[in-house]
2 protein chains.
Amino acid sequence: MARYQFIIAYDGTHFEGFQRQEKARTVQGEVEKALHKLNWQGKAILAAGRTDTGTHAEGQVIAFDLDWAHTPLELSRAVNANLPMDIVVKQAATARPDFHPRFEAVARCYRYRLFHALERDPLRERYAWRVQSEVEMDLLNKAAQILIGVHDFVSFGTPPRPGGSTIREVNQAKWVEEREFLQFEIRANAFLYHMVRRLVYIQVLVGQKRFSLDEFRRGVLEVHSQPPGLAPAHGLVLSDVVYPPVGMLDFDQPGK
Amino acid sequence: MARYQFIIAYDGTHFEGFQRQEKARTVQGEVEKALHKLNWQGKAILAAGRTDTGTHAEGQVIAFDLDWAHTPLELSRAVNANLPMDIVVKQAATARPDFHPRFEAVARCYRYRLFHALERDPLRERYAWRVQSEVEMDLLNKAAQILIGVHDFVSFGTPPRPGGSTIREVNQAKWVEEREFLQFEIRANAFLYHMVRRLVYIQVLVGQKRFSLDEFRRGVLEVHSQPPGLAPAHGLVLSDVVYPPVGMLDFDQPGK
């Protein structure tokens, strides 16, 4: 029996979020179903974080214990053969027997993509939020700059456990132009529930001049009022989970 | 009664192609269903071209006759309200009573997107073809260069009507890097059935050094053997249909 660690990607469109539920299709449920076919006997896989219904991932990290006689690479191939098309194991490795993907993560990175268009856009709306008023890149980046540092983000989400701390450290926050998309990239030690989606929503209000930079700054740094709204889940991707370099014992990438 | 002209976009994933069929979900079928709700009485809409099952469009052009008391913009909004989420009217205009979107088109533009990866990639494979061996951009562009000009493309597809000409003029053909994608962009006066997908397939063989540039050149310009294969439909987008500037009488973009 050894502990294995996977980096997985998924298209969140047809999942009711990450966390297993009795009657809904979830990422955890599908991964566990695939593992059961390899005689996995565990109760639940461990994961770096739970993504919302409709949110995508490129760098979700999971861990579990399994009796497996072959290499991690062969394990990832076997699991991929049992997974549906909208989930894939990207990387596999053995891990320390006590490795925990959530507790040991030192940072998480998300990206959020949006674009401005008046009418529906069937080829872009699966992975990006369409906003109907123009958004000024310059204002977005001024807003993002304000986020960097240690702040009490109580206005922007709830902690995983009731009563937990709402203080988080944002290491990086910026907006970049990605072809026709405006893309928000944020890295923090951890995130509150819904935090990225609320931060995107309010920054868009700033970028559309419906909310001033000063109001935004006060909202982030001082006043802790109710958050104004939530950007849709389908624009959001969990892009990376960062660990100290010692986390992995070895490292295999399928197909290499 | 006036003739109207629409530019429409669609995600081809859940359509059995453009052309109406008795029992399958098609783009034409859905558009006609939406028009029927506005008391459209025609037998069939006209279209610039028929896309394959799974192929997408950003610039398909259709035309039809309708009794409509309001502006083209209002018509496009009314149709959009009746269309499913995977089709949208992007632009609407009145047209000459005898305007035909296929016969009057002077050029069509397609783009095809692919990427190299060993394992499945759920967030990219809906709109791009994943190839498992690396492809050399330089060879792709040398191959594309060979396509430009007037050639008999009999090796690369069949004409819309049996016995029709297989000679086509390619005005533009190039590969560009689009983030992690390699994108083929081609413009020709018209295309044979399956031509773009066959051209992509064989160029990828060239880019992977499984087929030489000389063989490719002979295949295009001289020897007319059986085409080697077909790149998957889901990487292909009909991006634009080009008309002489006189085609439209006026021009409305929804939401402007």
# chains A, B, ... in the order shown; residues from 1 in each chain; ligands from 1
call {"tool": "residues_around", "arguments": {"residues": "Ala9 (chain A)", "least_positions_apart": "5", "cutoff": "6 Å", "atoms": "only C-alpha atoms", "output": "list of chain:residue names"}}
result
A:Ala57, A:Glu58, A:Gly59, A:Ile87, A:Val88
call {"tool": "closest_atom_pairs", "arguments": {"of": "chain B", "to": "chain A", "cutoff": "6 Å", "atoms": "only C-alpha atoms", "output": "Markdown table"}}
result
| residue | atom | partner | partner_atom | distance |
| --- | --- | --- | --- | --- |
| B:Tyr10 | CA | A:Pro122 | CA | 5.7 |
| B:Asp11 | CA | A:Leu123 | CA | 5.5 |
| B:Asp86 | CA | A:Pro122 | CA | 5.0 |
| B:Leu118 | CA | A:Gly255 | CA | 5.5 |
| B:Pro122 | CA | A:Asp86 | CA | 5.0 |
| B:Leu123 | CA | A:Asp11 | CA | 5.5 |
| B:Gly255 | CA | A:Leu118 | CA | 5.6 |
call {"tool": "residues_around", "arguments": {"residues": "region 208-216 of chain A", "least_positions_apart": "3", "cutoff": "9 Å", "atoms": "only C-alpha atoms", "output": "PDB file with N, CA, C and O atoms, in the first residue's frame"}}
result
ATOM      1  N   SER A 133     -21.159  45.314 -20.759  1.00  0.00           N
ATOM      2  CA  SER A 133     -20.600  46.671 -20.843  1.00  0.00           C
ATOM      3  C   SER A 133     -19.085  46.568 -20.883  1.00  0.00           C
ATOM      4  O   SER A 133     -18.507  45.656 -20.299  1.00  0.00           O
ATOM      5  N   GLU A 134     -18.478  47.512 -21.550  1.00  0.00           N
ATOM      6  CA  GLU A 134     -17.022  47.465 -21.674  1.00  0.00           C
ATOM      7  C   GLU A 134     -16.329  47.607 -20.315  1.00  0.00           C
ATOM      8  O   GLU A 134     -16.856  48.238 -19.408  1.00  0.00           O
ATOM      9  N   VAL A 135     -15.179  47.000 -20.224  1.00  0.00           N
ATOM     10  CA  VAL A 135     -14.426  46.983 -18.973  1.00  0.00           C
ATOM     11  C   VAL A 135     -13.050  47.573 -19.264  1.00  0.00           C
ATOM     12  O   VAL A 135     -12.384  47.163 -20.207  1.00  0.00           O
ATOM     13  N   GLU A 136     -12.619  48.536 -18.456  1.00  0.00           N
ATOM     14  CA  GLU A 136     -11.318  49.172 -18.688  1.00  0.00           C
ATOM     15  C   GLU A 136     -10.193  48.395 -18.007  1.00  0.00           C
ATOM     16  O   GLU A 136     -10.147  48.297 -16.787  1.00  0.00           O
ATOM     17  N   LEU A 139      -8.265  50.126 -15.174  1.00  0.00           N
ATOM     18  CA  LEU A 139      -8.943  50.137 -13.869  1.00  0.00           C
ATOM     19  C   LEU A 139      -8.886  48.755 -13.214  1.00  0.00           C
ATOM     20  O   LEU A 139      -8.700  48.635 -12.000  1.00  0.00           O
ATOM     21  N   LYS A 142      -5.537  48.365 -11.664  1.00  0.00           N
ATOM     22  CA  LYS A 142      -5.402  49.170 -10.442  1.00  0.00           C
ATOM     23  C   LYS A 142      -6.123  48.493  -9.288  1.00  0.00           C
ATOM     24  O   LYS A 142      -5.637  48.492  -8.153  1.00  0.00           O
ATOM     25  N   ALA A 143      -7.280  47.919  -9.574  1.00  0.00           N
ATOM     26  CA  ALA A 143      -8.029  47.205  -8.526  1.00  0.00           C
ATOM     27  C   ALA A 143      -7.239  45.975  -8.066  1.00  0.00           C
ATOM     28  O   ALA A 143      -7.093  45.728  -6.864  1.00  0.00           O
ATOM     29  N   ILE A 146      -4.512  46.502  -5.573  1.00  0.00           N
ATOM     30  CA  ILE A 146      -4.960  46.746  -4.195  1.00  0.00           C
ATOM     31  C   ILE A 146      -5.074  45.435  -3.397  1.00  0.00           C
ATOM     32  O   ILE A 146      -4.912  45.407  -2.182  1.00  0.00           O
ATOM     33  N   ILE A 202     -16.618  42.253  -8.396  1.00  0.00           N
ATOM     34  CA  ILE A 202     -16.498  43.650  -7.955  1.00  0.00           C
ATOM     35  C   ILE A 202     -15.448  44.400  -8.781  1.00  0.00           C
ATOM     36  O   ILE A 202     -15.599  45.583  -9.087  1.00  0.00           O
ATOM     37  N   GLN A 203     -14.404  43.709  -9.205  1.00  0.00           N
ATOM     38  CA  GLN A 203     -13.422  44.373 -10.069  1.00  0.00           C
ATOM     39  C   GLN A 203     -14.032  44.762 -11.413  1.00  0.00           C
ATOM     40  O   GLN A 203     -13.695  45.793 -11.981  1.00  0.00           O
ATOM     41  N   VAL A 204     -14.932  43.927 -11.910  1.00  0.00           N
ATOM     42  CA  VAL A 204     -15.607  44.262 -13.166  1.00  0.00           C
ATOM     43  C   VAL A 204     -16.462  45.518 -12.977  1.00  0.00           C
ATOM     44  O   VAL A 204     -16.478  46.407 -13.840  1.00  0.00           O
ATOM     45  N   LEU A 205     -17.123  45.631 -11.840  1.00  0.00           N
ATOM     46  CA  LEU A 205     -17.877  46.864 -11.555  1.00  0.00           C
ATOM     47  C   LEU A 205     -16.939  48.076 -11.559  1.00  0.00           C
ATOM     48  O   LEU A 205     -17.284  49.139 -12.069  1.00  0.00           O
ATOM     49  N   GLY A 219     -13.502  48.717   0.650  1.00  0.00           N
ATOM     50  CA  GLY A 219     -14.146  47.408   0.816  1.00  0.00           C
ATOM     51  C   GLY A 219     -13.134  46.315   1.132  1.00  0.00           C
ATOM     52  O   GLY A 219     -13.391  45.423   1.932  1.00  0.00           O
ATOM     53  N   VAL A 220     -11.972  46.383   0.476  1.00  0.00           N
ATOM     54  CA  VAL A 220     -10.962  45.351   0.698  1.00  0.00           C
ATOM     55  C   VAL A 220     -10.239  45.574   2.027  1.00  0.00           C
ATOM     56  O   VAL A 220     -10.020  44.647   2.800  1.00  0.00           O
ATOM     57  N   LEU A 221      -9.866  46.834   2.258  1.00  0.00           N
ATOM     58  CA  LEU A 221      -8.943  47.074   3.368  1.00  0.00           C
ATOM     59  C   LEU A 221      -9.627  47.475   4.667  1.00  0.00           C
ATOM     60  O   LEU A 221      -9.055  47.303   5.729  1.00  0.00           O
TER      61      LEU A 221
END
call {"tool": "residues_around", "arguments": {"residues": "Ala44 (chain B)", "least_positions_apart": "3", "cutoff": "12 Å", "atoms": "only C-alpha atoms", "output": "PDB file with all heavy atoms, in the first residue's frame"}}
result
ATOM      1  N   GLN B  19     -27.055  20.853 -42.367  1.00  0.00           N
ATOM      2  CA  GLN B  19     -28.233  20.595 -43.206  1.00  0.00           C
ATOM      3  C   GLN B  19     -29.371  19.875 -42.481  1.00  0.00           C
ATOM      4  O   GLN B  19     -29.145  18.877 -41.801  1.00  0.00           O
ATOM      5  CB  GLN B  19     -27.800  19.741 -44.408  1.00  0.00           C
ATOM      6  CG  GLN B  19     -28.814  19.735 -45.507  1.00  0.00           C
ATOM      7  CD  GLN B  19     -28.350  18.894 -46.688  1.00  0.00           C
ATOM      8  OE1 GLN B  19     -27.316  18.214 -46.606  1.00  0.00           O
ATOM      9  NE2 GLN B  19     -29.092  18.934 -47.774  1.00  0.00           N
ATOM     10  N   ARG B  20     -30.565  20.373 -42.691  1.00  0.00           N
ATOM     11  CA  ARG B  20     -31.747  19.804 -42.034  1.00  0.00           C
ATOM     12  C   ARG B  20     -31.889  18.312 -42.326  1.00  0.00           C
ATOM     13  O   ARG B  20     -31.648  17.849 -43.436  1.00  0.00           O
ATOM     14  CB  ARG B  20     -33.001  20.529 -42.539  1.00  0.00           C
ATOM     15  CG  ARG B  20     -34.267  20.161 -41.756  1.00  0.00           C
ATOM     16  CD  ARG B  20     -35.450  20.981 -42.214  1.00  0.00           C
ATOM     17  NE  ARG B  20     -35.667  20.856 -43.656  1.00  0.00           N
ATOM     18  CZ  ARG B  20     -36.300  21.758 -44.393  1.00  0.00           C
ATOM     19  NH1 ARG B  20     -36.786  22.846 -43.842  1.00  0.00           N
ATOM     20  NH2 ARG B  20     -36.448  21.577 -45.697  1.00  0.00           N
ATOM     21  N   GLN B  21     -32.254  17.568 -41.296  1.00  0.00           N
ATOM     22  CA  GLN B  21     -32.513  16.136 -41.447  1.00  0.00           C
ATOM     23  C   GLN B  21     -33.794  15.825 -40.704  1.00  0.00           C
ATOM     24  O   GLN B  21     -34.133  16.493 -39.731  1.00  0.00           O
ATOM     25  CB  GLN B  21     -31.387  15.300 -40.838  1.00  0.00           C
ATOM     26  CG  GLN B  21     -30.049  15.437 -41.541  1.00  0.00           C
ATOM     27  CD  GLN B  21     -28.958  14.693 -40.778  1.00  0.00           C
ATOM     28  OE1 GLN B  21     -29.147  13.579 -40.321  1.00  0.00           O
ATOM     29  NE2 GLN B  21     -27.814  15.337 -40.639  1.00  0.00           N
ATOM     30  N   GLN B  28     -29.575  24.089 -39.386  1.00  0.00           N
ATOM     31  CA  GLN B  28     -30.671  24.571 -40.239  1.00  0.00           C
ATOM     32  C   GLN B  28     -32.022  24.297 -39.574  1.00  0.00           C
ATOM     33  O   GLN B  28     -32.896  25.173 -39.534  1.00  0.00           O
ATOM     34  CB  GLN B  28     -30.602  23.876 -41.603  1.00  0.00           C
ATOM     35  CG  GLN B  28     -31.657  24.371 -42.572  1.00  0.00           C
ATOM     36  CD  GLN B  28     -31.602  23.680 -43.933  1.00  0.00           C
ATOM     37  OE1 GLN B  28     -30.767  22.802 -44.159  1.00  0.00           O
ATOM     38  NE2 GLN B  28     -32.473  24.087 -44.836  1.00  0.00           N
ATOM     39  N   GLY B  29     -32.172  23.118 -39.047  1.00  0.00           N
ATOM     40  CA  GLY B  29     -33.427  22.744 -38.387  1.00  0.00           C
ATOM     41  C   GLY B  29     -33.768  23.674 -37.228  1.00  0.00           C
ATOM     42  O   GLY B  29     -34.914  24.127 -37.093  1.00  0.00           O
ATOM     43  N   GLU B  30     -32.769  24.000 -36.412  1.00  0.00           N
ATOM     44  CA  GLU B  30     -33.018  24.871 -35.250  1.00  0.00           C
ATOM     45  C   GLU B  30     -33.328  26.302 -35.674  1.00  0.00           C
ATOM     46  O   GLU B  30     -34.187  26.963 -35.096  1.00  0.00           O
ATOM     47  CB  GLU B  30     -31.820  24.848 -34.300  1.00  0.00           C
ATOM     48  CG  GLU B  30     -31.572  23.507 -33.618  1.00  0.00           C
ATOM     49  CD  GLU B  30     -32.732  23.045 -32.753  1.00  0.00           C
ATOM     50  OE1 GLU B  30     -33.271  23.878 -31.997  1.00  0.00           O
ATOM     51  OE2 GLU B  30     -33.111  21.856 -32.856  1.00  0.00           O
ATOM     52  N   VAL B  31     -32.601  26.785 -36.706  1.00  0.00           N
ATOM     53  CA  VAL B  31     -32.858  28.152 -37.177  1.00  0.00           C
ATOM     54  C   VAL B  31     -34.264  28.231 -37.780  1.00  0.00           C
ATOM     55  O   VAL B  31     -35.027  29.172 -37.509  1.00  0.00           O
ATOM     56  CB  VAL B  31     -31.798  28.594 -38.211  1.00  0.00           C
ATOM     57  CG1 VAL B  31     -32.189  29.916 -38.860  1.00  0.00           C
ATOM     58  CG2 VAL B  31     -30.422  28.713 -37.552  1.00  0.00           C
ATOM     59  N   GLU B  32     -34.636  27.224 -38.554  1.00  0.00           N
ATOM     60  CA  GLU B  32     -35.974  27.256 -39.165  1.00  0.00           C
ATOM     61  C   GLU B  32     -37.073  27.163 -38.106  1.00  0.00           C
ATOM     62  O   GLU B  32     -38.109  27.813 -38.213  1.00  0.00           O
ATOM     63  CB  GLU B  32     -36.084  26.145 -40.217  1.00  0.00           C
ATOM     64  CG  GLU B  32     -35.176  26.449 -41.424  1.00  0.00           C
ATOM     65  CD  GLU B  32     -35.187  25.367 -42.508  1.00  0.00           C
ATOM     66  OE1 GLU B  32     -35.752  24.285 -42.259  1.00  0.00           O
ATOM     67  OE2 GLU B  32     -34.632  25.623 -43.594  1.00  0.00           O
ATOM     68  N   LYS B  33     -36.811  26.375 -37.060  1.00  0.00           N
ATOM     69  CA  LYS B  33     -37.775  26.294 -35.955  1.00  0.00           C
ATOM     70  C   LYS B  33     -37.967  27.682 -35.315  1.00  0.00           C
ATOM     71  O   LYS B  33     -39.089  28.101 -35.023  1.00  0.00           O
ATOM     72  CB  LYS B  33     -37.237  25.310 -34.907  1.00  0.00           C
ATOM     73  CG  LYS B  33     -38.271  24.376 -34.338  1.00  0.00           C
ATOM     74  CD  LYS B  33     -37.689  23.545 -33.202  1.00  0.00           C
ATOM     75  CE  LYS B  33     -36.857  22.352 -33.677  1.00  0.00           C
ATOM     76  NZ  LYS B  33     -36.227  21.639 -32.536  1.00  0.00           N
ATOM     77  N   LEU B  35     -37.447  30.567 -36.761  1.00  0.00           N
ATOM     78  CA  LEU B  35     -38.130  31.451 -37.717  1.00  0.00           C
ATOM     79  C   LEU B  35     -39.627  31.143 -37.805  1.00  0.00           C
ATOM     80  O   LEU B  35     -40.447  32.048 -37.970  1.00  0.00           O
ATOM     81  CB  LEU B  35     -37.484  31.334 -39.106  1.00  0.00           C
ATOM     82  CG  LEU B  35     -36.091  31.959 -39.243  1.00  0.00           C
ATOM     83  CD1 LEU B  35     -35.492  31.639 -40.615  1.00  0.00           C
ATOM     84  CD2 LEU B  35     -36.154  33.474 -39.053  1.00  0.00           C
ATOM     85  N   HIS B  36     -39.972  29.856 -37.699  1.00  0.00           N
ATOM     86  CA  HIS B  36     -41.394  29.489 -37.741  1.00  0.00           C
ATOM     87  C   HIS B  36     -42.185  30.199 -36.644  1.00  0.00           C
ATOM     88  O   HIS B  36     -43.342  30.564 -36.842  1.00  0.00           O
ATOM     89  CB  HIS B  36     -41.560  27.963 -37.596  1.00  0.00           C
ATOM     90  CG  HIS B  36     -41.312  27.214 -38.870  1.00  0.00           C
ATOM     91  ND1 HIS B  36     -41.942  27.532 -40.059  1.00  0.00           N
ATOM     92  CD2 HIS B  36     -40.496  26.160 -39.149  1.00  0.00           C
ATOM     93  CE1 HIS B  36     -41.525  26.702 -41.019  1.00  0.00           C
ATOM     94  NE2 HIS B  36     -40.631  25.857 -40.486  1.00  0.00           N
ATOM     95  N   TRP B  40     -42.520  32.608 -40.214  1.00  0.00           N
ATOM     96  CA  TRP B  40     -41.799  32.365 -41.471  1.00  0.00           C
ATOM     97  C   TRP B  40     -42.497  31.218 -42.198  1.00  0.00           C
ATOM     98  O   TRP B  40     -42.834  30.194 -41.593  1.00  0.00           O
ATOM     99  CB  TRP B  40     -40.348  32.000 -41.153  1.00  0.00           C
ATOM    100  CG  TRP B  40     -39.526  31.603 -42.343  1.00  0.00           C
ATOM    101  CD1 TRP B  40     -39.114  32.394 -43.360  1.00  0.00           C
ATOM    102  CD2 TRP B  40     -38.989  30.296 -42.611  1.00  0.00           C
ATOM    103  NE1 TRP B  40     -38.358  31.679 -44.248  1.00  0.00           N
ATOM    104  CE2 TRP B  40     -38.261  30.388 -43.816  1.00  0.00           C
ATOM    105  CE3 TRP B  40     -39.054  29.061 -41.957  1.00  0.00           C
ATOM    106  CZ2 TRP B  40     -37.604  29.292 -44.383  1.00  0.00           C
ATOM    107  CZ3 TRP B  40     -38.398  27.985 -42.505  1.00  0.00           C
ATOM    108  CH2 TRP B  40     -37.690  28.099 -43.710  1.00  0.00           C
ATOM    109  N   GLN B  41     -42.729  31.394 -43.504  1.00  0.00           N
ATOM    110  CA  GLN B  41     -43.506  30.420 -44.271  1.00  0.00           C
ATOM    111  C   GLN B  41     -42.654  29.696 -45.306  1.00  0.00           C
ATOM    112  O   GLN B  41     -43.175  28.893 -46.085  1.00  0.00           O
ATOM    113  CB  GLN B  41     -44.651  31.132 -45.013  1.00  0.00           C
ATOM    114  CG  GLN B  41     -45.512  32.039 -44.138  1.00  0.00           C
ATOM    115  CD  GLN B  41     -46.551  31.269 -43.336  1.00  0.00           C
ATOM    116  OE1 GLN B  41     -46.819  30.103 -43.605  1.00  0.00           O
ATOM    117  NE2 GLN B  41     -47.127  31.922 -42.338  1.00  0.00           N
ATOM    118  N   ALA B  47     -28.102  29.037 -47.350  1.00  0.00           N
ATOM    119  CA  ALA B  47     -26.887  29.169 -46.539  1.00  0.00           C
ATOM    120  C   ALA B  47     -25.667  29.221 -47.441  1.00  0.00           C
ATOM    121  O   ALA B  47     -25.664  28.696 -48.558  1.00  0.00           O
ATOM    122  CB  ALA B  47     -26.758  28.011 -45.561  1.00  0.00           C
ATOM    123  N   ILE B  62     -26.645  33.106 -43.755  1.00  0.00           N
ATOM    124  CA  ILE B  62     -27.909  32.537 -44.218  1.00  0.00           C
ATOM    125  C   ILE B  62     -28.809  33.659 -44.731  1.00  0.00           C
ATOM    126  O   ILE B  62     -28.594  34.837 -44.429  1.00  0.00           O
ATOM    127  CB  ILE B  62     -28.643  31.765 -43.093  1.00  0.00           C
ATOM    128  CG1 ILE B  62     -28.993  32.697 -41.933  1.00  0.00           C
ATOM    129  CG2 ILE B  62     -27.803  30.579 -42.607  1.00  0.00           C
ATOM    130  CD1 ILE B  62     -29.943  32.087 -40.909  1.00  0.00           C
ATOM    131  N   ALA B  63     -29.801  33.274 -45.535  1.00  0.00           N
ATOM    132  CA  ALA B  63     -30.774  34.255 -46.031  1.00  0.00           C
ATOM    133  C   ALA B  63     -32.142  33.599 -46.132  1.00  0.00           C
ATOM    134  O   ALA B  63     -32.248  32.372 -46.282  1.00  0.00           O
ATOM    135  CB  ALA B  63     -30.328  34.804 -47.390  1.00  0.00           C
ATOM    136  N   PHE B  64     -33.172  34.414 -46.028  1.00  0.00           N
ATOM    137  CA  PHE B  64     -34.559  33.918 -46.060  1.00  0.00           C
ATOM    138  C   PHE B  64     -35.483  35.115 -46.267  1.00  0.00           C
ATOM    139  O   PHE B  64     -35.087  36.266 -46.039  1.00  0.00           O
ATOM    140  CB  PHE B  64     -34.907  33.207 -44.736  1.00  0.00           C
ATOM    141  CG  PHE B  64     -34.645  34.070 -43.545  1.00  0.00           C
ATOM    142  CD1 PHE B  64     -35.638  34.915 -43.035  1.00  0.00           C
ATOM    143  CD2 PHE B  64     -33.390  34.096 -42.948  1.00  0.00           C
ATOM    144  CE1 PHE B  64     -35.381  35.746 -41.958  1.00  0.00           C
ATOM    145  CE2 PHE B  64     -33.132  34.934 -41.870  1.00  0.00           C
ATOM    146  CZ  PHE B  64     -34.122  35.753 -41.377  1.00  0.00           C
ATOM    147  N   ASP B  65     -36.710  34.824 -46.684  1.00  0.00           N
ATOM    148  CA  ASP B  65     -37.709  35.876 -46.889  1.00  0.00           C
ATOM    149  C   ASP B  65     -38.693  35.880 -45.733  1.00  0.00           C
ATOM    150  O   ASP B  65     -39.116  34.814 -45.268  1.00  0.00           O
ATOM    151  CB  ASP B  65     -38.475  35.630 -48.199  1.00  0.00           C
ATOM    152  CG  ASP B  65     -37.554  35.695 -49.406  1.00  0.00           C
ATOM    153  OD1 ASP B  65     -36.622  36.523 -49.384  1.00  0.00           O
ATOM    154  OD2 ASP B  65     -37.755  34.897 -50.351  1.00  0.00           O
ATOM    155  N   LEU B  66     -39.056  37.078 -45.293  1.00  0.00           N
ATOM    156  CA  LEU B  66     -39.969  37.158 -44.143  1.00  0.00           C
ATOM    157  C   LEU B  66     -40.755  38.463 -44.190  1.00  0.00           C
ATOM    158  O   LEU B  66     -40.242  39.503 -44.605  1.00  0.00           O
ATOM    159  CB  LEU B  66     -39.158  37.100 -42.834  1.00  0.00           C
ATOM    160  CG  LEU B  66     -39.947  36.985 -41.526  1.00  0.00           C
ATOM    161  CD1 LEU B  66     -40.547  35.598 -41.377  1.00  0.00           C
ATOM    162  CD2 LEU B  66     -39.060  37.313 -40.322  1.00  0.00           C
TER     163      LEU B  66
END
call {"tool": "atom_distance", "arguments": {"atom1": "CA of Leu238 (chain B)", "atom2": "CA of Val61 (chain B)"}}
result
10.1 Å
call {"tool": "atom_distance", "arguments": {"atom1": "CA of Phe181 (chain A)", "atom2": "CA of Glu185 (chain B)"}}
result
20.5 Å
call {"tool": "residues_around", "arguments": {"residues": "Pro97 (chain A)", "least_positions_apart": "5", "cutoff": "9 Å", "atoms": "only C-alpha atoms", "output": "PyMOL selection string"}}
result
chain A and resi 2-4+65
call {"tool": "residues_around", "arguments": {"residues": "region 69-71 of chain A", "least_positions_apart": "6", "cutoff": "10 Å", "atoms": "only C-alpha atoms", "output": "ChimeraX atom specification"}}
result
/A:1-2,77,92-94,252
